[in-house]
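Chemist: Dropping in my_file_39.pdb, with PDB, C-alpha atoms.
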ATOM      1  CA  ALA X   1       0.000   0.000   0.000
ATOM      2  CA  ASN X   2       1.355   3.444  -0.885
ATOM      3  CA  CYS X   3       2.041   5.529   2.182
ATOM      4  CA  VAL X   4       0.760   9.065   2.750
ATOM      5  CA  ASP X   5       2.969  11.651   4.466
ATOM      6  CA  THR X   6       0.856  12.931   7.369
ATOM      7  CA  SER X   7       3.656  14.819   9.144
ATOM      8  CA  GLN X   8       2.424  18.244   7.916
ATOM      9  CA  ALA X   9      -1.320  17.492   8.052
ATOM     10  CA  GLY X  10      -1.916  19.980  10.877
ATOM     11  CA  ALA X  11       0.367  22.749   9.559
ATOM     12  CA  GLN X  12      -1.023  26.303   9.651
ATOM     13  CA  PRO X  13      -0.487  28.038   6.283
ATOM     14  CA  ALA X  14       0.035  31.790   5.905
ATOM     15  CA  GLU X  15      -3.002  33.854   4.972
ATOM     16  CA  ALA X  16      -3.353  35.480   1.526
ATOM     17  CA  SER X  17      -5.186  38.660   0.565
ATOM     18  CA  ASP X  18      -8.511  36.811   0.104
ATOM     19  CA  ALA X  19      -8.515  36.146   3.847
ATOM     20  CA  ARG X  20      -9.030  39.887   4.440
ATOM     21  CA  ALA X  21     -12.671  39.397   3.484
ATOM     22  CA  ILE X  22     -13.162  37.269   6.626
ATOM     23  CA  PRO X  23     -14.427  39.334   9.612
ATOM     24  CA  ALA X  24     -11.417  39.968  11.864
ATOM     25  CA  ASN X  25     -12.920  38.301  14.949
ATOM     26  CA  TYR X  26     -13.761  35.179  12.926
ATOM     27  CA  LEU X  27     -10.286  35.036  11.354
ATOM     28  CA  GLU X  28      -8.743  35.172  14.820
ATOM     29  CA  LEU X  29     -11.059  32.391  16.072
ATOM     30  CA  TYR X  30     -10.313  30.157  13.049
ATOM     31  CA  LYS X  31      -6.581  30.577  13.663
ATOM     32  CA  LYS X  32      -6.828  29.895  17.393
ATOM     33  CA  ALA X  33      -9.024  26.798  16.954
ATOM     34  CA  GLY X  34      -6.762  25.610  14.130
ATOM     35  CA  LYS X  35      -3.736  25.802  16.358
ATOM     36  CA  ASP X  36      -5.503  24.283  19.393
ATOM     37  CA  TYR X  37      -6.861  21.281  17.483
ATOM     38  CA  GLY X  38      -4.187  20.799  14.822
ATOM     39  CA  ILE X  39      -6.602  21.592  11.971
ATOM     40  CA  PRO X  40      -5.404  23.969   9.197
ATOM     41  CA  TRP X  41      -7.216  27.232  10.071
ATOM     42  CA  ASN X  42      -8.136  27.881   6.450
ATOM     43  CA  VAL X  43     -10.226  24.683   6.320
ATOM     44  CA  LEU X  44     -12.234  25.902   9.328
ATOM     45  CA  ALA X  45     -12.607  29.215   7.492
ATOM     46  CA  GLY X  46     -13.801  27.311   4.417
ATOM     47  CA  VAL X  47     -16.470  25.586   6.510
ATOM     48  CA  GLY X  48     -17.550  28.920   8.048
ATOM     49  CA  LYS X  49     -17.716  30.558   4.603
ATOM     50  CA  VAL X  50     -19.813  27.821   3.002
ATOM     51  CA  GLU X  51     -22.125  27.350   6.001
ATOM     52  CA  THR X  52     -23.078  30.968   6.832
ATOM     53  CA  ASN X  53     -20.592  33.356   5.169
ATOM     54  CA  HIS X  54     -18.801  33.654   8.545
ATOM     55  CA  GLY X  55     -22.019  34.261  10.454
ATOM     56  CA  THR X  56     -23.152  37.174   8.242
ATOM     57  CA  SER X  57     -25.923  35.248   6.454
ATOM     58  CA  ARG X  58     -29.438  36.501   7.258
ATOM     59  CA  LEU X  59     -31.000  33.078   6.685
ATOM     60  CA  PRO X  60     -32.957  31.375   9.496
ATOM     61  CA  GLY X  61     -30.801  29.392  11.951
ATOM     62  CA  VAL X  62     -27.679  31.559  11.770
ATOM     63  CA  SER X  63     -27.999  34.042  14.648
ATOM     64  CA  SER X  64     -30.987  32.265  16.231
ATOM     65  CA  GLY X  65     -33.487  29.486  15.552
ATOM     66  CA  GLU X  66     -32.782  26.629  13.168
ATOM     67  CA  ASN X  67     -32.827  26.090   9.430
ATOM     68  CA  TYR X  68     -35.080  23.524   7.683
ATOM     69  CA  ALA X  69     -32.643  20.729   8.660
ATOM     70  CA  GLY X  70     -32.456  21.704  12.335
ATOM     71  CA  ALA X  71     -28.983  23.287  12.122
ATOM     72  CA  GLY X  72     -28.109  26.446  14.001
ATOM     73  CA  GLY X  73     -25.290  28.948  14.529
ATOM     74  CA  PRO X  74     -22.424  30.187  12.349
ATOM     75  CA  MET X  75     -20.993  26.665  11.912
ATOM     76  CA  GLN X  76     -24.475  25.108  11.485
ATOM     77  CA  PHE X  77     -24.567  22.466  14.197
ATOM     78  CA  LEU X  78     -27.496  20.163  14.817
ATOM     79  CA  GLU X  79     -28.435  20.346  18.502
ATOM     80  CA  PRO X  80     -27.562  16.666  19.305
ATOM     81  CA  THR X  81     -24.149  16.980  17.587
ATOM     82  CA  PHE X  82     -23.404  20.182  19.471
ATOM     83  CA  ARG X  83     -24.429  18.542  22.752
ATOM     84  CA  SER X  84     -21.780  15.861  22.086
ATOM     85  CA  PHE X  85     -18.980  18.039  20.688
ATOM     86  CA  GLY X  86     -19.690  21.578  21.878
ATOM     87  CA  VAL X  87     -16.770  23.487  23.419
ATOM     88  CA  ASP X  88     -16.922  26.400  25.876
ATOM     89  CA  GLY X  89     -14.412  28.354  23.810
ATOM     90  CA  ASN X  90     -14.613  31.648  25.732
ATOM     91  CA  GLY X  91     -14.716  30.058  29.193
ATOM     92  CA  ASP X  92     -17.983  31.721  30.242
ATOM     93  CA  GLY X  93     -19.402  28.436  31.563
ATOM     94  CA  ASN X  94     -21.849  28.196  28.675
ATOM     95  CA  LYS X  95     -21.669  26.243  25.369
ATOM     96  CA  ASP X  96     -23.597  28.243  22.784
ATOM     97  CA  ARG X  97     -23.773  27.094  19.158
ATOM     98  CA  TYR X  98     -24.785  30.642  18.097
ATOM     99  CA  ASN X  99     -21.629  32.166  19.582
ATOM    100  CA  PRO X 100     -18.659  31.874  17.193
ATOM    101  CA  GLU X 101     -16.270  31.734  20.185
ATOM    102  CA  ASP X 102     -17.859  28.374  21.052
ATOM    103  CA  ALA X 103     -19.030  27.205  17.612
ATOM    104  CA  ILE X 104     -15.663  27.476  15.800
ATOM    105  CA  PRO X 105     -13.593  25.386  18.274
ATOM    106  CA  SER X 106     -16.541  22.959  18.403
ATOM    107  CA  ALA X 107     -16.285  22.558  14.617
ATOM    108  CA  ALA X 108     -12.532  21.906  14.964
ATOM    109  CA  ARG X 109     -13.195  19.319  17.668
ATOM    110  CA  TYR X 110     -15.848  17.610  15.531
ATOM    111  CA  LEU X 111     -13.574  17.489  12.461
ATOM    112  CA  LYS X 112     -10.791  16.035  14.607
ATOM    113  CA  HIS X 113     -13.161  13.385  15.962
ATOM    114  CA  ASN X 114     -13.944  12.366  12.379
ATOM    115  CA  GLY X 115     -10.304  11.966  11.313
ATOM    116  CA  ALA X 116      -8.930  15.454  10.591
ATOM    117  CA  PRO X 117      -6.274  16.512   9.827
ATOM    118  CA  GLU X 118      -4.891  13.163   8.560
ATOM    119  CA  ARG X 119      -8.173  12.234   6.811
ATOM    120  CA  MET X 120      -9.523  15.683   5.999
ATOM    121  CA  ARG X 121     -11.846  14.859   3.098
ATOM    122  CA  THR X 122     -13.476  12.118   5.193
ATOM    123  CA  ALA X 123     -13.914  14.503   8.151
ATOM    124  CA  LEU X 124     -15.499  17.199   5.955
ATOM    125  CA  PHE X 125     -17.838  14.635   4.399
ATOM    126  CA  MET X 126     -18.922  13.609   7.915
ATOM    127  CA  TYR X 127     -19.598  17.292   8.653
ATOM    128  CA  ASN X 128     -21.973  17.541   5.695
ATOM    129  CA  HIS X 129     -22.646  14.419   3.629
ATOM    130  CA  SER X 130     -21.957  15.830   0.182
ATOM    131  CA  TRP X 131     -18.788  15.657  -1.918
ATOM    132  CA  ASP X 132     -19.826  18.924  -3.611
ATOM    133  CA  TYR X 133     -19.788  20.498  -0.148
ATOM    134  CA  VAL X 134     -16.327  19.042   0.579
ATOM    135  CA  ASN X 135     -14.951  20.427  -2.707
ATOM    136  CA  LEU X 136     -16.521  23.857  -2.134
ATOM    137  CA  VAL X 137     -15.032  24.103   1.387
ATOM    138  CA  LEU X 138     -11.619  23.132   0.004
ATOM    139  CA  ASP X 139     -11.919  25.666  -2.859
ATOM    140  CA  TRP X 140     -12.401  28.432  -0.270
ATOM    141  CA  SER X 141      -9.657  27.089   1.981
ATOM    142  CA  ARG X 142      -7.251  27.307  -0.989
ATOM    143  CA  LYS X 143      -8.332  30.893  -1.802
ATOM    144  CA  TYR X 144      -7.656  32.014   1.758
ATOM    145  CA  VAL X 145      -4.004  30.938   1.513
ATOM    146  CA  GLY X 146      -3.276  31.953  -2.070
ATOM    147  CA  GLY X 147      -4.136  28.739  -3.895
ATOM    148  CA  ASP X 148      -1.227  26.486  -2.973
ATOM    149  CA  PHE X 149      -2.851  24.147  -0.479
ATOM    150  CA  THR X 150      -3.694  20.440  -0.474
ATOM    151  CA  VAL X 151      -5.277  18.618   2.434
ATOM    152  CA  VAL X 152      -3.964  15.264   3.589
ATOM    153  CA  GLN X 153      -6.157  12.200   3.056
ATOM    154  CA  SER X 154      -4.407   9.205   4.583
ATOM    155  CA  ASN X 155      -5.394   5.706   3.496
ATOM    156  CA  GLY X 156      -4.332   4.398   6.906
ATOM    157  CA  VAL X 157      -0.763   3.781   5.744
ATOM    158  CA  ASP X 158       1.343   6.669   7.044
ATOM    159  CA  CYS X 159       4.904   7.129   5.775
ATOM    160  CA  GLU X 160       6.363   7.751   9.225
ATOM    161  CA  ASP X 161       5.056   4.297  10.179
ATOM    162  CA  ASN X 162       6.737   2.619   7.202
ATOM    163  CA  GLN X 163      10.156   2.355   8.840
ATOM    164  CA  ILE X 164      10.978  -1.222   9.786
ATOM    165  CA  PRO X 165      13.144  -0.847  12.952
ATOM    166  CA  ALA X 166      16.786  -0.786  11.847
ATOM    167  CA  ASN X 167      18.078  -2.032  15.218
ATOM    168  CA  ALA X 168      16.036  -5.268  14.983
ATOM    169  CA  SER X 169      17.507  -8.540  13.715
ATOM    170  CA  GLU X 170      16.872  -9.498  10.107
ATOM    171  CA  LEU X 171      14.456 -12.189  11.332
ATOM    172  CA  VAL X 172      12.392  -9.685  13.345
ATOM    173  CA  GLN X 173      12.432  -7.263  10.405
ATOM    174  CA  ARG X 174      10.964  -9.985   8.184
ATOM    175  CA  ILE X 175       8.250 -10.826  10.767
ATOM    176  CA  ILE X 176       7.287  -7.141  11.043
ATOM    177  CA  ALA X 177       7.422  -6.609   7.263
ATOM    178  CA  PHE X 178       4.858  -9.398   6.772
ATOM    179  CA  ALA X 179       2.484  -7.874   9.353
ATOM    180  CA  MET X 180       2.914  -4.355   7.910
ATOM    181  CA  ALA X 181       2.115  -5.655   4.423
ATOM    182  CA  GLN X 182      -1.361  -6.669   5.661
ATOM    183  CA  ARG X 183      -2.403  -3.032   6.208
ATOM    184  CA  GLY X 184      -5.431  -2.100   4.180
ATOM    185  CA  LYS X 185      -6.934  -5.588   4.598
ATOM    186  CA  ARG X 186     -10.013  -6.257   6.690
ATOM    187  CA  TYR X 187     -10.360  -7.307  10.309
ATOM    188  CA  ILE X 188     -12.812 -10.195  10.622
ATOM    189  CA  PHE X 189     -13.043 -12.003  13.956
ATOM    190  CA  GLY X 190     -11.930 -15.607  13.409
ATOM    191  CA  ALA X 191     -10.339 -14.881  10.006
ATOM    192  CA  ASN X 192      -7.014 -16.551   9.310
ATOM    193  CA  GLY X 193      -5.674 -14.711   6.241
ATOM    194  CA  PRO X 194      -4.682 -14.085   3.587
ATOM    195  CA  ASP X 195      -7.407 -11.513   2.774
ATOM    196  CA  ALA X 196      -8.576 -10.787   6.327
ATOM    197  CA  TRP X 197      -7.194 -11.321   9.830
ATOM    198  CA  ASP X 198      -8.073 -10.913  13.457
ATOM    199  CA  CYS X 199      -5.621  -9.640  16.090
ATOM    200  CA  SER X 200      -4.006 -12.978  16.944
ATOM    201  CA  SER X 201      -4.090 -14.608  13.487
ATOM    202  CA  LEU X 202      -2.188 -11.619  12.029
ATOM    203  CA  LEU X 203       0.680 -12.239  14.451
ATOM    204  CA  GLN X 204       0.601 -16.011  14.025
ATOM    205  CA  GLY X 205       0.767 -15.420  10.240
ATOM    206  CA  ALA X 206       3.693 -13.017  10.630
ATOM    207  CA  TYR X 207       5.714 -15.554  12.628
ATOM    208  CA  ARG X 208       4.673 -18.365  10.275
ATOM    209  CA  SER X 209       6.018 -16.339   7.327
ATOM    210  CA  VAL X 210       9.558 -16.954   8.648
ATOM    211  CA  GLY X 211       8.954 -20.620   9.540
ATOM    212  CA  LEU X 212       8.108 -20.146  13.230
ATOM    213  CA  SER X 213       5.019 -21.509  14.941
ATOM    214  CA  ILE X 214       3.131 -19.645  17.705
ATOM    215  CA  PRO X 215      -0.397 -20.452  18.968
ATOM    216  CA  ARG X 216      -3.486 -19.198  17.112
ATOM    217  CA  THR X 217      -5.530 -17.354  19.769
ATOM    218  CA  THR X 218      -4.753 -14.467  22.114
ATOM    219  CA  PHE X 219      -5.604 -16.650  25.117
ATOM    220  CA  GLU X 220      -2.992 -19.229  24.024
ATOM    221  CA  GLN X 221      -0.431 -16.643  22.902
ATOM    222  CA  PHE X 222      -0.307 -14.840  26.274
ATOM    223  CA  PRO X 223       1.185 -17.757  28.283
ATOM    224  CA  PHE X 224       3.333 -18.925  25.323
ATOM    225  CA  GLY X 225       6.083 -16.269  25.162
ATOM    226  CA  VAL X 226       8.592 -15.257  27.841
ATOM    227  CA  LYS X 227       7.153 -12.406  29.969
ATOM    228  CA  ILE X 228       8.926  -9.068  29.529
ATOM    229  CA  GLN X 229       8.703  -6.087  31.910
ATOM    230  CA  LYS X 230       6.991  -2.955  30.625
ATOM    231  CA  GLY X 231       9.602  -0.591  29.264
ATOM    232  CA  GLN X 232      11.851  -3.492  28.166
ATOM    233  CA  GLU X 233       9.771  -4.422  25.096
ATOM    234  CA  GLN X 234      11.505  -4.724  21.716
ATOM    235  CA  PRO X 235      10.331  -5.003  18.107
ATOM    236  CA  GLY X 236       8.708  -8.404  17.506
ATOM    237  CA  ASP X 237       7.385  -8.686  21.090
ATOM    238  CA  LEU X 238       3.648  -9.157  21.640
ATOM    239  CA  VAL X 239       1.660  -6.625  23.702
ATOM    240  CA  PHE X 240      -1.592  -7.773  25.316
ATOM    241  CA  PHE X 241      -4.699  -5.824  26.343
ATOM    242  CA  ASN X 242      -7.615  -6.392  28.675
ATOM    243  CA  SER X 243     -10.187  -5.836  25.933
ATOM    244  CA  GLY X 244     -12.191  -7.994  23.556
ATOM    245  CA  PRO X 245     -14.609 -10.896  24.089
ATOM    246  CA  GLY X 246     -13.994 -13.160  27.103
ATOM    247  CA  THR X 247     -11.182 -10.964  28.366
ATOM    248  CA  GLY X 248      -9.863 -10.521  31.916
ATOM    249  CA  PRO X 249      -6.692  -9.086  33.593
ATOM    250  CA  GLY X 250      -4.946 -12.488  33.563
ATOM    251  CA  ARG X 251      -6.642 -13.496  30.330
ATOM    252  CA  PRO X 252      -6.177 -10.631  27.853
ATOM    253  CA  GLY X 253      -8.384 -10.781  24.764
ATOM    254  CA  HIS X 254      -6.499  -8.463  22.413
ATOM    255  CA  VAL X 255      -2.923  -8.436  21.102
ATOM    256  CA  GLY X 256      -0.583  -6.390  18.888
ATOM    257  CA  MET X 257       3.095  -6.585  17.908
ATOM    258  CA  VAL X 258       5.703  -4.005  18.934
ATOM    259  CA  ILE X 259       7.444  -2.328  15.970
ATOM    260  CA  GLY X 260       8.997   0.628  17.810
ATOM    261  CA  LYS X 261       8.697   2.861  20.879
ATOM    262  CA  ASN X 262       4.962   2.988  21.716
ATOM    263  CA  LYS X 263       4.083   1.734  18.224
ATOM    264  CA  MET X 264       2.510  -1.584  17.372
ATOM    265  CA  ILE X 265       1.089  -3.148  14.241
ATOM    266  CA  VAL X 266      -2.367  -4.418  15.173
ATOM    267  CA  ALA X 267      -5.566  -5.772  13.643
ATOM    268  CA  SER X 268      -7.919  -3.611  15.708
ATOM    269  CA  CYS X 269     -11.560  -4.163  14.806
ATOM    270  CA  SER X 270     -13.956  -4.304  11.859
ATOM    271  CA  THR X 271     -15.212  -0.731  12.413
ATOM    272  CA  CYS X 272     -11.749   0.768  13.122
ATOM    273  CA  SER X 273     -10.094   2.959  10.515
ATOM    274  CA  PRO X 274      -7.907   1.395   9.336
ATOM    275  CA  ASN X 275      -8.907  -2.157  10.378
ATOM    276  CA  ILE X 276      -5.213  -3.112  10.418
ATOM    277  CA  GLY X 277      -2.645  -0.396  11.094
ATOM    278  CA  VAL X 278      -0.021   1.179  13.349
ATOM    279  CA  LYS X 279      -1.215   2.436  16.737
ATOM    280  CA  PRO X 280       0.241   3.316  20.178
ATOM    281  CA  TYR X 281       0.312   0.459  22.706
ATOM    282  CA  GLU X 282       0.853   2.502  25.878
ATOM    283  CA  ARG X 283      -2.796   2.610  26.930
ATOM    284  CA  ALA X 284      -4.754   1.983  30.126
ATOM    285  CA  ASP X 285      -5.749  -1.614  29.294
ATOM    286  CA  TRP X 286      -2.197  -2.815  28.406
ATOM    287  CA  VAL X 287      -1.662  -5.790  30.736
ATOM    288  CA  GLY X 288       1.603  -7.361  29.626
ATOM    289  CA  THR X 289       4.284  -8.116  27.064
ATOM    290  CA  THR X 290       5.792 -11.406  25.929
ATOM    291  CA  ARG X 291       8.762 -12.351  23.739
ATOM    292  CA  PRO X 292       8.040 -15.518  21.711
ATOM    293  CA  LEU X 293      11.593 -15.495  20.312
ATOM    294  CA  ALA X 294      13.050 -15.960  23.827
ATOM    295  CA  LYS X 295      11.233 -19.295  24.200
ATOM    296  CA  PRO X 296      13.751 -22.210  24.061
ATOM    297  CA  GLU X 297      11.921 -24.185  21.332
ATOM    298  CA  LEU X 298      11.695 -21.091  19.105
ATOM    299  CA  LYS X 299      15.384 -20.335  19.693
ATOM    300  CA  ARG X 300      16.192 -23.891  18.575
ATOM    301  CA  ARG X 301      13.972 -23.550  15.515
ATOM    302  CA  VAL X 302      15.641 -20.226  14.581
ATOM    303  CA  ALA X 303      19.054 -21.943  14.805
ATOM    304  CA  GLU X 304      17.823 -24.854  12.631
ATOM    305  CA  LEU X 305      16.416 -22.469  10.016
ATOM    306  CA  ALA X 306      19.659 -20.473  10.011
ATOM    307  CA  ALA X 307      21.670 -23.648   9.433
ATOM    308  CA  GLN X 308      19.585 -24.685   6.422
ATOM    309  CA  PRO X 309      21.175 -23.951   3.033
ATOM    310  CA  PRO X 310      19.382 -21.076   1.267
TER     311      PRO X 310
END
Is it possible to express this structure as structure tokens?
Modeler:
Amino acid sequence: ANCVDTSQAGAQPAEASDARAIPANYLELYKKAGKDYGIPWNVLAGVGKVETNHGTSRLPGVSSGENYAGAGGPMQFLEPTFRSFGVDGNGDGNKDRYNPEDAIPSAARYLKHNGAPERMRTALFMYNHSWDYVNLVLDWSRKYVGGDFTVVQSNGVDCEDNQIPANASELVQRIIAFAMAQRGKRYIFGANGPDAWDCSSLLQGAYRSVGLSIPRTTFEQFPFGVKIQKGQEQPGDLVFFNSGPGTGPGRPGHVGMVIGKNKMIVASCSTCSPNIGVKPYERADWVGTTRPLAKPELKRRVAELAAQPP
């Protein structure tokens, strides 16, 4: 899968002369919310322009009331959405969708929830389910910064996650490379490859790709490897979590494989985006780490494989 460089997804571009048409208080709020939430400010400005012309529209539902669809305020929030994502931007103890000081950071928060800035087109589509809307917002966001602006739309394969750890042995690099090559495929509970995997079958498949056998399920994998203290984990180790069906603190139901500091390759879930990808493993439900390669029978097998003529 081709990687997408997401390192500059949240960068704040310089304004161009077209941005002078934005009311000064709105421009300031777009820039502040952009910085606070890591969303390019000009995209927020594009949303504000298309929704209500930065709050200057005289249509119903802008300064009060609701439009025909139930949306209200300068960023056109539905009441239930605003209840979930509203921000008290000015710290007055009140979240008001008609006040731009609250509505603009709320829009940034909502876009971030839906995948911005790494999946900006997706997040804008979730804001208003129309690709024409997405394109119009992006047309304005380009105008506000002088035309040279492209949003990032990651496919779940980020370039900074493409590095196979250089300090790992060639064997571990090959195990990780197999798992990383499964990104973009589906998570299906109980699947065993090659087109779909679940969390434990992905790791069993990765080890199998170099001729090593580990158990199939998370519950069997946890007692299999040599236990490693937190902080001592290395690429190729398995990290276990107290989540998933039938799980418990001594019986973790979810597993990923360490590829670097606080990064694992993991088949997460069927509704996760991406289903299989690189994620942090330092989280509250992380219960333990094991090293299959430290197990005596795997060490022997590695030695046998190494001794075989190529």
Chemist: Using only C-alpha atoms, find the one residue out of X:Gly225, X:Pro165, X:Gly72, X:Pro40 that sits nearest to Ala14 in chain X.
Modeler: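 For Ala14 in chain X, the nearest of the candidates is X:Pro40.
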Chemist: Give me the residues near Leu293 in chain X as a compact mmCIF listing (two decimals) with C-alpha atoms, keeping the file's coordinate frame, where near means some atom within 9 Å (using all atoms listed in the file) and where sequence neighbours in that chain fewer than 5 positions away do not count.
Modeler:
# COMPACT_ATOMS: atom_id res chain seq x y z
CA GLY X 225 6.08 -16.27 25.16
CA VAL X 226 8.59 -15.26 27.84
CA GLY X 236 8.71 -8.40 17.51
CA ASP X 237 7.38 -8.69 21.09
CA LEU X 298 11.70 -21.09 19.10
CA LYS X 299 15.38 -20.34 19.69
CA VAL X 302 15.64 -20.23 14.58
Chemist: Please indicate the distance in Å from CA of Pro105 in chain X to CA of Met75 in chain X, rounded to one decimal place.
Modeler: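 It comes out at 9.8 Å.
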Chemist: With all atoms listed in the file as the basis for distance, which of X:Pro292, X:Pro13, X:Pro223, X:Gly277 is at the shortest distance from Ser154 in chain X?
Modeler: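 Result for the nearest residue to Ser154 in chain X: X:Gly277.
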Chemist: Could you check the closest approach to Ser201 in chain X for each of X:Val157, X:Ala71, X:Ala179, X:Met126 and tell me which residue wins, using only C-alpha atoms?
Modeler: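 Closest candidate: X:Ala179.
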Chemist: When distances are computed from all atoms listed in the file, which of X:Met180, X:Val255, X:Ala196, X:Leu138 shows the smallest separation from Val278 in chain X?
Modeler: X:Met180
Chemist: When the PyMOL selection byres ((chain X and resi 276) around 9) is applied to the file above, which residues end up in the set, as a list in words?
Modeler: Gly156, Met180, Gln182, Arg183, Gly184, Lys185, Arg186, Tyr187, Trp197, Asp198, Cys199, Ile265, Val266, Ala267, Ser268, Cys269, Ser270, Cys272, Ser273, Pro274, Asn275, Gly277 and Val278 of chain X
Chemist: Can you give me, as a PyMOL selection string, the residues this file yields under the PyMOL selection byres ((chain X and resi 48) around 10)?
Modeler: chain X and resi 22+26+30+42-47+49-56+74-76+100+103-104+107+137+140
Chemist: Keeping C-alpha atoms for every residue in the selection just given, could you write it to a file as a PDB file, in the frame of the given file?
Modeler:
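This is the output file part.pdb:
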ATOM      1  CA  ILE X  22     -13.162  37.269   6.626  1.00  0.00           C
ATOM      2  CA  TYR X  26     -13.761  35.179  12.926  1.00  0.00           C
ATOM      3  CA  TYR X  30     -10.313  30.157  13.049  1.00  0.00           C
ATOM      4  CA  ASN X  42      -8.136  27.881   6.450  1.00  0.00           C
ATOM      5  CA  VAL X  43     -10.226  24.683   6.320  1.00  0.00           C
ATOM      6  CA  LEU X  44     -12.234  25.902   9.328  1.00  0.00           C
ATOM      7  CA  ALA X  45     -12.607  29.215   7.492  1.00  0.00           C
ATOM      8  CA  GLY X  46     -13.801  27.311   4.417  1.00  0.00           C
ATOM      9  CA  VAL X  47     -16.470  25.586   6.510  1.00  0.00           C
ATOM     10  CA  LYS X  49     -17.716  30.558   4.603  1.00  0.00           C
ATOM     11  CA  VAL X  50     -19.813  27.821   3.002  1.00  0.00           C
ATOM     12  CA  GLU X  51     -22.125  27.350   6.001  1.00  0.00           C
ATOM     13  CA  THR X  52     -23.078  30.968   6.832  1.00  0.00           C
ATOM     14  CA  ASN X  53     -20.592  33.356   5.169  1.00  0.00           C
ATOM     15  CA  HIS X  54     -18.801  33.654   8.545  1.00  0.00           C
ATOM     16  CA  GLY X  55     -22.019  34.261  10.454  1.00  0.00           C
ATOM     17  CA  THR X  56     -23.152  37.174   8.242  1.00  0.00           C
ATOM     18  CA  PRO X  74     -22.424  30.187  12.349  1.00  0.00           C
ATOM     19  CA  MET X  75     -20.993  26.665  11.912  1.00  0.00           C
ATOM     20  CA  GLN X  76     -24.475  25.108  11.485  1.00  0.00           C
ATOM     21  CA  PRO X 100     -18.659  31.874  17.193  1.00  0.00           C
ATOM     22  CA  ALA X 103     -19.030  27.205  17.612  1.00  0.00           C
ATOM     23  CA  ILE X 104     -15.663  27.476  15.800  1.00  0.00           C
ATOM     24  CA  ALA X 107     -16.285  22.558  14.617  1.00  0.00           C
ATOM     25  CA  VAL X 137     -15.032  24.103   1.387  1.00  0.00           C
ATOM     26  CA  TRP X 140     -12.401  28.432  -0.270  1.00  0.00           C
TER      27      TRP X 140
END
Chemist: Enumerate, as a ChimeraX atom specification, the residues matched when the PyMOL selection byres ((chain X and resi 231) around 10) is run on the file above.
Modeler: /X:228-230,232-234,261-262,282,289
Chemist: To one decimal place, how far is CA of Glu297 in chain X from CA of Val210 in chain X in Å?
Modeler: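 Interatomic distance here is 14.8 Å.
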Chemist: For each of X:Gly205, X:Gly190, X:Pro245, X:Pro235, take the minimum atom-to-atom distance to Asn167 in chain X, counting all atoms listed in the file, then give the residue where this is smallest.
Modeler: X:Pro235
Chemist: Return the padded bounding box of range 263-276 of chain X as lines of an AutoDock Vina configuration file: axis-aligned, built from all atoms listed in the file, 6 Å added on each side, with centre and edge lengths in Å to one decimal.
Modeler:
center_x = -5.6
center_y = -1.4
center_z = 13.8
size_x = 31.3
size_y = 20.7
size_z = 20.9
Chemist: How many Å lie between CA of Trp131 in chain X and CA of Glu101 in chain X, rounded to one decimal?
Modeler: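 Taking CA of Trp131 in chain X as the start and CA of Glu101 in chain X as the end point, the length is 27.4 Å.
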Chemist: Asp102 in chain X: which residues within 12 Å, counting only C-alpha atoms, same-chain residues fewer than 4 positions away excluded, as a CSV table (one decimal) with C-alpha atoms, keeping the file's coordinate frame?
Modeler:
chain,number,residue,atom,x,y,z
X,26,TYR,CA,-13.8,35.2,12.9
X,29,LEU,CA,-11.1,32.4,16.1
X,30,TYR,CA,-10.3,30.2,13.0
X,32,LYS,CA,-6.8,29.9,17.4
X,33,ALA,CA,-9.0,26.8,17.0
X,73,GLY,CA,-25.3,28.9,14.5
X,74,PRO,CA,-22.4,30.2,12.3
X,75,MET,CA,-21.0,26.7,11.9
X,77,PHE,CA,-24.6,22.5,14.2
X,82,PHE,CA,-23.4,20.2,19.5
X,83,ARG,CA,-24.4,18.5,22.8
X,85,PHE,CA,-19.0,18.0,20.7
X,86,GLY,CA,-19.7,21.6,21.9
X,87,VAL,CA,-16.8,23.5,23.4
X,88,ASP,CA,-16.9,26.4,25.9
X,89,GLY,CA,-14.4,28.4,23.8
X,90,ASN,CA,-14.6,31.6,25.7
X,91,GLY,CA,-14.7,30.1,29.2
X,92,ASP,CA,-18.0,31.7,30.2
X,93,GLY,CA,-19.4,28.4,31.6
X,94,ASN,CA,-21.8,28.2,28.7
X,95,LYS,CA,-21.7,26.2,25.4
X,96,ASP,CA,-23.6,28.2,22.8
X,97,ARG,CA,-23.8,27.1,19.2
X,98,TYR,CA,-24.8,30.6,18.1
X,106,SER,CA,-16.5,23.0,18.4
X,107,ALA,CA,-16.3,22.6,14.6
X,108,ALA,CA,-12.5,21.9,15.0
X,109,ARG,CA,-13.2,19.3,17.7
